[in-house]
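Q: Contents of final.pdb (PDB, C-alpha atoms and all ligand atoms):
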ATOM      1  CA  MET A   1      -1.702  -6.580 -15.523  1.00  0.00           C
ATOM      2  CA  PRO A   2      -2.050  -8.398 -12.228  1.00  0.00           C
ATOM      3  CA  PHE A   3       0.569  -8.415  -9.445  1.00  0.00           C
ATOM      4  CA  VAL A   4       3.442  -6.602 -11.086  1.00  0.00           C
ATOM      5  CA  THR A   5       6.829  -5.638  -9.632  1.00  0.00           C
ATOM      6  CA  GLU A   6       7.439  -2.277 -11.309  1.00  0.00           C
ATOM      7  CA  TRP A   7       4.988   0.590 -11.566  1.00  0.00           C
ATOM      8  CA  SER A   8       5.335   4.082 -12.911  1.00  0.00           C
ATOM      9  CA  THR A   9       3.304   7.278 -12.912  1.00  0.00           C
ATOM     10  CA  THR A  10       1.923   8.188 -16.332  1.00  0.00           C
ATOM     11  CA  ASP A  11       4.384  11.096 -16.575  1.00  0.00           C
ATOM     12  CA  LYS A  12       7.193   8.540 -15.964  1.00  0.00           C
ATOM     13  CA  ARG A  13       8.650  10.695 -13.199  1.00  0.00           C
ATOM     14  CA  ASN A  14       8.078   8.325 -10.298  1.00  0.00           C
ATOM     15  CA  LEU A  15       8.863   4.645 -10.194  1.00  0.00           C
ATOM     16  CA  VAL A  16       7.548   2.255  -7.553  1.00  0.00           C
ATOM     17  CA  ILE A  17       9.065  -1.177  -7.063  1.00  0.00           C
ATOM     18  CA  PHE A  18       7.424  -3.894  -4.955  1.00  0.00           C
ATOM     19  CA  ALA A  19       9.696  -6.529  -3.424  1.00  0.00           C
ATOM     20  CA  PRO A  20       8.562 -10.146  -4.025  1.00  0.00           C
ATOM     21  CA  ASP A  21       7.649 -10.451  -0.312  1.00  0.00           C
ATOM     22  CA  VAL A  22       5.283  -7.509  -0.627  1.00  0.00           C
ATOM     23  CA  LEU A  23       3.492  -9.011  -3.639  1.00  0.00           C
ATOM     24  CA  ARG A  24       3.294 -12.296  -1.726  1.00  0.00           C
ATOM     25  CA  VAL A  25       1.507 -10.549   1.172  1.00  0.00           C
ATOM     26  CA  PHE A  26      -0.920  -8.889  -1.268  1.00  0.00           C
ATOM     27  CA  LYS A  27      -1.646 -12.249  -2.909  1.00  0.00           C
ATOM     28  CA  ASN A  28      -2.071 -14.088   0.396  1.00  0.00           C
ATOM     29  CA  TYR A  29      -4.691 -11.649   1.645  1.00  0.00           C
ATOM     30  CA  ARG A  30      -6.629 -11.267  -1.594  1.00  0.00           C
ATOM     31  CA  GLN A  31     -10.381 -11.580  -1.046  1.00  0.00           C
ATOM     32  CA  ARG A  32     -10.944 -14.408  -3.467  1.00  0.00           C
ATOM     33  CA  PHE A  33     -14.159 -15.445  -1.773  1.00  0.00           C
ATOM     34  CA  PHE A  34     -16.846 -13.102  -0.562  1.00  0.00           C
ATOM     35  CA  TRP A  35     -16.645 -14.369   3.008  1.00  0.00           C
ATOM     36  CA  GLN A  36     -13.006 -13.432   3.366  1.00  0.00           C
ATOM     37  CA  PRO A  37     -12.450 -10.283   5.421  1.00  0.00           C
ATOM     38  CA  GLU A  38     -10.816  -7.047   4.281  1.00  0.00           C
ATOM     39  CA  SER A  39      -7.175  -6.872   5.279  1.00  0.00           C
ATOM     40  CA  GLY A  40      -4.552  -4.202   5.289  1.00  0.00           C
ATOM     41  CA  GLY A  41      -1.434  -2.734   6.758  1.00  0.00           C
ATOM     42  CA  ILE A  42       1.332  -0.287   6.156  1.00  0.00           C
ATOM     43  CA  LEU A  43       4.052  -0.195   3.509  1.00  0.00           C
ATOM     44  CA  LEU A  44       7.700   0.172   4.482  1.00  0.00           C
ATOM     45  CA  GLY A  45      10.815   0.649   2.427  1.00  0.00           C
ATOM     46  CA  ARG A  46      13.132   3.250   1.012  1.00  0.00           C
ATOM     47  CA  ARG A  47      12.843   6.483  -0.895  1.00  0.00           C
ATOM     48  CA  ARG A  48      15.372   6.868  -3.672  1.00  0.00           C
ATOM     49  CA  GLY A  49      14.870  10.372  -4.935  1.00  0.00           C
ATOM     50  CA  LYS A  50      11.399  10.443  -6.475  1.00  0.00           C
ATOM     51  CA  HIS A  51      11.229   6.654  -6.491  1.00  0.00           C
ATOM     52  CA  LEU A  52       9.907   4.257  -3.886  1.00  0.00           C
ATOM     53  CA  GLU A  53      11.174   0.801  -3.124  1.00  0.00           C
ATOM     54  CA  ILE A  54       8.538  -1.079  -1.135  1.00  0.00           C
ATOM     55  CA  MET A  55      10.348  -3.696   0.908  1.00  0.00           C
ATOM     56  CA  LEU A  56       7.755  -4.766   3.468  1.00  0.00           C
ATOM     57  CA  ALA A  57       3.973  -4.828   3.775  1.00  0.00           C
ATOM     58  CA  THR A  58       2.817  -5.434   7.347  1.00  0.00           C
ATOM     59  CA  GLU A  59       0.190  -8.152   7.679  1.00  0.00           C
ATOM     60  CA  PRO A  60      -3.061  -7.753   9.620  1.00  0.00           C
ATOM     61  CA  SER A  61      -2.438  -8.141  13.338  1.00  0.00           C
ATOM     62  CA  HIS A  62      -4.760  -9.804  15.822  1.00  0.00           C
ATOM     63  CA  LYS A  63      -5.639  -6.339  17.089  1.00  0.00           C
ATOM     64  CA  ASP A  64      -7.165  -5.350  13.776  1.00  0.00           C
ATOM     65  CA  SER A  65     -10.906  -5.701  13.477  1.00  0.00           C
ATOM     66  CA  ARG A  66     -11.636  -7.441  10.209  1.00  0.00           C
ATOM     67  CA  SER A  67     -14.908  -7.873   8.379  1.00  0.00           C
ATOM     68  CA  ALA A  68     -15.868  -8.444   4.764  1.00  0.00           C
ATOM     69  CA  PHE A  69     -16.772  -4.812   4.203  1.00  0.00           C
ATOM     70  CA  SER A  70     -14.511  -2.735   6.350  1.00  0.00           C
ATOM     71  CA  PHE A  71     -11.023  -2.713   7.632  1.00  0.00           C
ATOM     72  CA  VAL A  72     -10.313  -0.819  10.812  1.00  0.00           C
ATOM     73  CA  ARG A  73      -6.620  -0.735  11.430  1.00  0.00           C
ATOM     74  CA  GLU A  74      -5.390  -0.818  14.974  1.00  0.00           C
ATOM     75  CA  ALA A  75      -2.537   1.651  14.609  1.00  0.00           C
ATOM     76  CA  ASP A  76      -0.439   0.344  17.512  1.00  0.00           C
ATOM     77  CA  GLY A  77       0.441  -3.079  16.125  1.00  0.00           C
ATOM     78  CA  HIS A  78       1.540  -1.738  12.774  1.00  0.00           C
ATOM     79  CA  ALA A  79       3.475   1.162  14.261  1.00  0.00           C
ATOM     80  CA  ASP A  80       5.418  -1.326  16.417  1.00  0.00           C
ATOM     81  CA  LEU A  81       6.262  -3.409  13.359  1.00  0.00           C
ATOM     82  CA  ALA A  82       7.347  -0.310  11.487  1.00  0.00           C
ATOM     83  CA  GLU A  83       9.616   0.720  14.325  1.00  0.00           C
ATOM     84  CA  GLN A  84      11.110  -2.788  14.561  1.00  0.00           C
ATOM     85  CA  ALA A  85      11.820  -2.871  10.835  1.00  0.00           C
ATOM     86  CA  TRP A  86      13.273   0.599  11.008  1.00  0.00           C
ATOM     87  CA  ARG A  87      15.643  -0.379  13.843  1.00  0.00           C
ATOM     88  CA  GLN A  88      16.713  -3.619  12.164  1.00  0.00           C
ATOM     89  CA  GLY A  89      17.258  -1.867   8.847  1.00  0.00           C
ATOM     90  CA  ASP A  90      19.819   0.583  10.205  1.00  0.00           C
ATOM     91  CA  LYS A  91      17.166   3.283  10.224  1.00  0.00           C
ATOM     92  CA  GLN A  92      16.993   3.295   6.451  1.00  0.00           C
ATOM     93  CA  ILE A  93      13.489   1.906   6.335  1.00  0.00           C
ATOM     94  CA  ASP A  94      10.757   4.472   6.166  1.00  0.00           C
ATOM     95  CA  TYR A  95       6.969   4.563   6.285  1.00  0.00           C
ATOM     96  CA  LEU A  96       5.878   4.773   2.646  1.00  0.00           C
ATOM     97  CA  GLY A  97       2.130   4.274   2.714  1.00  0.00           C
ATOM     98  CA  GLU A  98      -0.825   1.951   3.248  1.00  0.00           C
ATOM     99  CA  TRP A  99      -2.500  -1.043   1.619  1.00  0.00           C
ATOM    100  CA  HIS A 100      -5.835  -2.805   1.997  1.00  0.00           C
ATOM    101  CA  THR A 101      -7.934  -5.319   0.113  1.00  0.00           C
ATOM    102  CA  HIS A 102     -11.250  -5.012  -1.722  1.00  0.00           C
ATOM    103  CA  PRO A 103     -13.574  -7.823  -2.824  1.00  0.00           C
ATOM    104  CA  GLN A 104     -13.295  -6.621  -6.452  1.00  0.00           C
ATOM    105  CA  ARG A 105     -11.421  -8.067  -9.432  1.00  0.00           C
ATOM    106  CA  VAL A 106     -10.132  -4.660 -10.472  1.00  0.00           C
ATOM    107  CA  PRO A 107     -10.336  -2.548  -7.335  1.00  0.00           C
ATOM    108  CA  THR A 108     -11.473   1.073  -7.261  1.00  0.00           C
ATOM    109  CA  PRO A 109     -10.944   3.276  -4.202  1.00  0.00           C
ATOM    110  CA  SER A 110     -14.122   4.156  -2.309  1.00  0.00           C
ATOM    111  CA  ALA A 111     -15.148   7.609  -1.091  1.00  0.00           C
ATOM    112  CA  ILE A 112     -14.186   6.457   2.401  1.00  0.00           C
ATOM    113  CA  ASP A 113     -10.735   5.437   1.123  1.00  0.00           C
ATOM    114  CA  ARG A 114     -10.241   8.906  -0.389  1.00  0.00           C
ATOM    115  CA  HIS A 115     -11.347  10.507   2.854  1.00  0.00           C
ATOM    116  CA  GLU A 116      -8.950   8.370   4.939  1.00  0.00           C
ATOM    117  CA  TRP A 117      -6.083   8.996   2.509  1.00  0.00           C
ATOM    118  CA  GLY A 118      -6.746  12.727   2.772  1.00  0.00           C
ATOM    119  CA  LYS A 119      -6.183  12.456   6.518  1.00  0.00           C
ATOM    120  CA  LEU A 120      -2.921  10.541   6.011  1.00  0.00           C
ATOM    121  CA  ILE A 121      -1.306  13.356   4.038  1.00  0.00           C
ATOM    122  CA  LEU A 122      -2.773  16.232   6.047  1.00  0.00           C
ATOM    123  CA  HIS A 123       0.343  16.890   8.088  1.00  0.00           C
ATOM    124  CA  ARG A 124       2.955  15.582   5.705  1.00  0.00           C
ATOM    125  CA  SER A 125       5.368  17.405   3.449  1.00  0.00           C
ATOM    126  CA  LYS A 126       4.002  17.863  -0.071  1.00  0.00           C
ATOM    127  CA  LEU A 127       7.443  16.848  -1.328  1.00  0.00           C
ATOM    128  CA  THR A 128       7.224  13.286  -0.032  1.00  0.00           C
ATOM    129  CA  PRO A 129       4.115  11.659  -1.478  1.00  0.00           C
ATOM    130  CA  ILE A 130       2.903   8.421   0.031  1.00  0.00           C
ATOM    131  CA  LEU A 131       1.767   5.307  -1.755  1.00  0.00           C
ATOM    132  CA  VAL A 132      -1.751   3.947  -1.326  1.00  0.00           C
ATOM    133  CA  VAL A 133      -2.599   0.490  -2.645  1.00  0.00           C
ATOM    134  CA  VAL A 134      -5.940  -1.284  -2.988  1.00  0.00           C
ATOM    135  CA  VAL A 135      -5.551  -5.001  -3.619  1.00  0.00           C
ATOM    136  CA  GLY A 136      -8.228  -6.697  -5.711  1.00  0.00           C
ATOM    137  CA  THR A 137      -8.438 -10.346  -6.718  1.00  0.00           C
ATOM    138  CA  LYS A 138      -6.960  -9.861 -10.192  1.00  0.00           C
ATOM    139  CA  SER A 139      -5.047  -6.599  -9.981  1.00  0.00           C
ATOM    140  CA  ILE A 140      -4.069  -3.781  -7.701  1.00  0.00           C
ATOM    141  CA  HIS A 141      -4.788  -0.064  -7.737  1.00  0.00           C
ATOM    142  CA  ALA A 142      -1.765   2.038  -6.773  1.00  0.00           C
ATOM    143  CA  GLU A 143      -1.567   5.796  -6.388  1.00  0.00           C
ATOM    144  CA  LEU A 144       0.946   8.338  -5.137  1.00  0.00           C
ATOM    145  CA  ILE A 145      -0.773  11.023  -3.104  1.00  0.00           C
ATOM    146  CA  SER A 146       0.690  14.274  -1.820  1.00  0.00           C
ATOM    147  CA  GLY A 147      -2.221  16.643  -1.388  1.00  0.00           C
ATOM    148  CA  VAL A 148      -1.032  18.610  -4.410  1.00  0.00           C
ATOM    149  CA  GLN A 149      -1.469  16.081  -7.162  1.00  0.00           C
ATOM    150  CA  ASP A 150      -2.574  12.466  -6.982  1.00  0.00           C
ATOM    151  CA  LYS A 151      -0.815  10.248  -9.497  1.00  0.00           C
ATOM    152  CA  VAL A 152      -2.198   6.873 -10.505  1.00  0.00           C
ATOM    153  CA  LEU A 153       0.464   4.257 -11.157  1.00  0.00           C
ATOM    154  CA  LEU A 154       0.513   1.871 -14.107  1.00  0.00           C
ATOM    155  CA  PRO A 155       2.423  -1.397 -14.288  1.00  0.00           C
ATOM    156  CA  VAL A 156       5.609  -1.369 -16.323  1.00  0.00           C
ATOM    157  CA  GLY A 157       7.260  -4.521 -15.046  1.00  0.00           C
ATOM    158  CA  ARG A 158       6.594  -8.205 -15.392  1.00  0.00           C
ATOM    159  CA  ALA A 159       3.832 -10.034 -13.533  1.00  0.00           C
ATOM    160  CA  GLN A 160       4.787 -12.216 -10.576  1.00  0.00           C
TER     161      GLN A 160
HETATM  162 ZN    ZN A 201     -11.127   0.565   0.382  1.00  0.00          ZN
END
Kindly present the structure from the file in structure tokens form.

A:
Amino acid sequence: MPFVTEWSTTDKRNLVIFAPDVLRVFKNYRQRFFWQPESGGILLGRRRGKHLEIMLATEPSHKDSRSAFSFVREADGHADLAEQAWRQGDKQIDYLGEWHTHPQRVPTPSAIDRHEWGKLILHRSKLTPILVVVVGTKSIHAELISGVQDKVLLPVGRAQ
């Protein structure tokens, strides 16, 4: 179950679809070798009811500080990209979440990840969960978080 287009929560209530471009970004920044740095960015797309369509994953900008064991996102660069995409997309493109890489085959979120994700949803509506993705070398870990209930996503679609 590697880099799959369609994902669903185990209760089948939420569907997440990654555009091919998004999966391409994930693949390009995979940490296949231990010396490659952690990367990450934000996820943009559309909400369709309870479902998310991820249309764009921003790539690491030169402002980001990258190392093999940490990824410190420089918020400005990504926020600019998000705003650009939003303007070009007739204001239908929304911030949907965050992604970053791990040097693991099957990635598991760290305690720091959980802490950072907690901050992301602190001031958000509980009704609009955001998507957090950890990209490993062989598969990704995807979760919808809202502060009420975190829902792990499982692949339902075909591998790219
Ligand atoms: Zn992490």

Q: Name the residues that the PyMOL selection byres (((chain A and resi 99-104) around 7) and not hetatm) pulls out of this structure, and write them as a PyMOL selection string.

A: chain A and resi 30-31+34+38-43+98+105-107+132-137

Q: Applied to the shown file, which residues does the PyMOL selection byres (((chain A and resi 17) around 12) and not hetatm) return, written as a PyMOL selection string?

A: chain A and resi 3-9+14-16+18-23+43-48+50-56+96+131+142+153-158

Q: Taking the file above as input, evaluate the PyMOL selection byres (((not hetatm)) within 6 of (chain A and resi 201)) and report the hits as a VMD selection string.

A: chain A and resid 102 109 to 110 113

Q: Interatomic distance between atom CA of A:Glu59 and atom CA of A:Arg13?

A: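 Spanning atom CA of A:Glu59 to atom CA of A:Arg13 is a straight-line distance of 29.4 Å.
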
Q: What is the distance, in Å and to one decimal place, between atom CA of A:Pro129 and atom CA of A:Leu144?

A: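 Separation between atom CA of A:Pro129 and atom CA of A:Leu144: 5.9 Å.
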
Q: Of the residues A:Lys119, A:Arg24, A:Lys12, A:Lys126, which is the one nearest to A:Val148, using all atoms listed in the file?

A: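 Checking each candidate against A:Val148, we get A:Lys126 as the closest.
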
Q: Please compute the atom CA of A:Glu116-atom CA of A:Pro37 distance, one decimal, in Å.

A: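 Here the two named atoms are 19.0 Å from each other.
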
Q: Determine the nearest neighbour of A:Ile121 from the options A:Thr108, A:Thr58, A:Ser139, A:Gly97, counting all atoms listed in the file.

A: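 Residue with the minimum atom-to-atom distance to A:Ile121: A:Gly97.
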
Q: How would stretch 7-26 of chain A of the given structure read as a file with N, CA and C atoms, as an mmCIF file, in the first residue's frame?

A:
data_model
loop_
_atom_site.group_PDB
_atom_site.id
_atom_site.type_symbol
_atom_site.label_atom_id
_atom_site.label_comp_id
_atom_site.auth_asym_id
_atom_site.auth_seq_id
_atom_site.Cartn_x
_atom_site.Cartn_y
_atom_site.Cartn_z
ATOM 1 N N TRP A 7 -7.922 7.465 -0.183
ATOM 2 C CA TRP A 7 -7.826 7.011 1.193
ATOM 3 C C TRP A 7 -9.158 7.248 1.886
ATOM 4 N N SER A 8 -9.416 6.412 2.881
ATOM 5 C CA SER A 8 -10.679 6.561 3.598
ATOM 6 C C SER A 8 -10.448 6.311 5.085
ATOM 7 N N THR A 9 -11.252 6.975 5.924
ATOM 8 C CA THR A 9 -11.201 6.669 7.347
ATOM 9 C C THR A 9 -11.805 5.285 7.546
ATOM 10 N N THR A 10 -11.477 4.644 8.665
ATOM 11 C CA THR A 10 -11.940 3.268 8.868
ATOM 12 C C THR A 10 -13.467 3.199 8.975
ATOM 13 N N ASP A 11 -14.103 4.301 9.419
ATOM 14 C CA ASP A 11 -15.562 4.305 9.479
ATOM 15 C C ASP A 11 -16.197 4.655 8.120
ATOM 16 N N LYS A 12 -15.349 4.845 7.111
ATOM 17 C CA LYS A 12 -15.780 5.112 5.724
ATOM 18 C C LYS A 12 -16.541 6.439 5.556
ATOM 19 N N ARG A 13 -16.432 7.304 6.549
ATOM 20 C CA ARG A 13 -17.204 8.551 6.473
ATOM 21 C C ARG A 13 -16.462 9.659 5.733
ATOM 22 N N ASN A 14 -15.138 9.600 5.762
ATOM 23 C CA ASN A 14 -14.353 10.635 5.098
ATOM 24 C C ASN A 14 -13.454 10.015 4.044
ATOM 25 N N LEU A 15 -13.454 10.642 2.887
ATOM 26 C CA LEU A 15 -12.612 10.186 1.791
ATOM 27 C C LEU A 15 -11.585 11.285 1.508
ATOM 28 N N VAL A 16 -10.354 10.861 1.247
ATOM 29 C CA VAL A 16 -9.308 11.820 0.878
ATOM 30 C C VAL A 16 -8.717 11.377 -0.445
ATOM 31 N N ILE A 17 -8.651 12.301 -1.393
ATOM 32 C CA ILE A 17 -8.109 11.984 -2.708
ATOM 33 C C ILE A 17 -6.898 12.864 -2.989
ATOM 34 N N PHE A 18 -5.766 12.221 -3.320
ATOM 35 C CA PHE A 18 -4.554 12.960 -3.669
ATOM 36 C C PHE A 18 -4.437 13.065 -5.186
ATOM 37 N N ALA A 19 -4.260 14.283 -5.684
ATOM 38 C CA ALA A 19 -4.029 14.471 -7.117
ATOM 39 C C ALA A 19 -2.664 13.867 -7.473
ATOM 40 N N PRO A 20 -2.483 13.432 -8.728
ATOM 41 C CA PRO A 20 -1.201 12.853 -9.145
ATOM 42 C C PRO A 20 -0.010 13.769 -8.839
ATOM 43 N N ASP A 21 -0.181 15.087 -8.998
ATOM 44 C CA ASP A 21 0.897 16.035 -8.712
ATOM 45 C C ASP A 21 1.329 15.984 -7.246
ATOM 46 N N VAL A 22 0.370 15.751 -6.375
ATOM 47 C CA VAL A 22 0.664 15.706 -4.946
ATOM 48 C C VAL A 22 1.505 14.463 -4.635
ATOM 49 N N LEU A 23 1.090 13.319 -5.201
ATOM 50 C CA LEU A 23 1.839 12.078 -4.986
ATOM 51 C C LEU A 23 3.241 12.205 -5.580
ATOM 52 N N ARG A 24 3.341 12.935 -6.688
ATOM 53 C CA ARG A 24 4.650 13.147 -7.319
ATOM 54 C C ARG A 24 5.575 13.927 -6.381
ATOM 55 N N VAL A 25 5.029 14.961 -5.731
ATOM 56 C CA VAL A 25 5.831 15.748 -4.774
ATOM 57 C C VAL A 25 6.280 14.842 -3.621
ATOM 58 N N PHE A 26 5.361 14.055 -3.078
ATOM 59 C CA PHE A 26 5.707 13.140 -1.984
ATOM 60 C C PHE A 26 6.850 12.221 -2.412
#
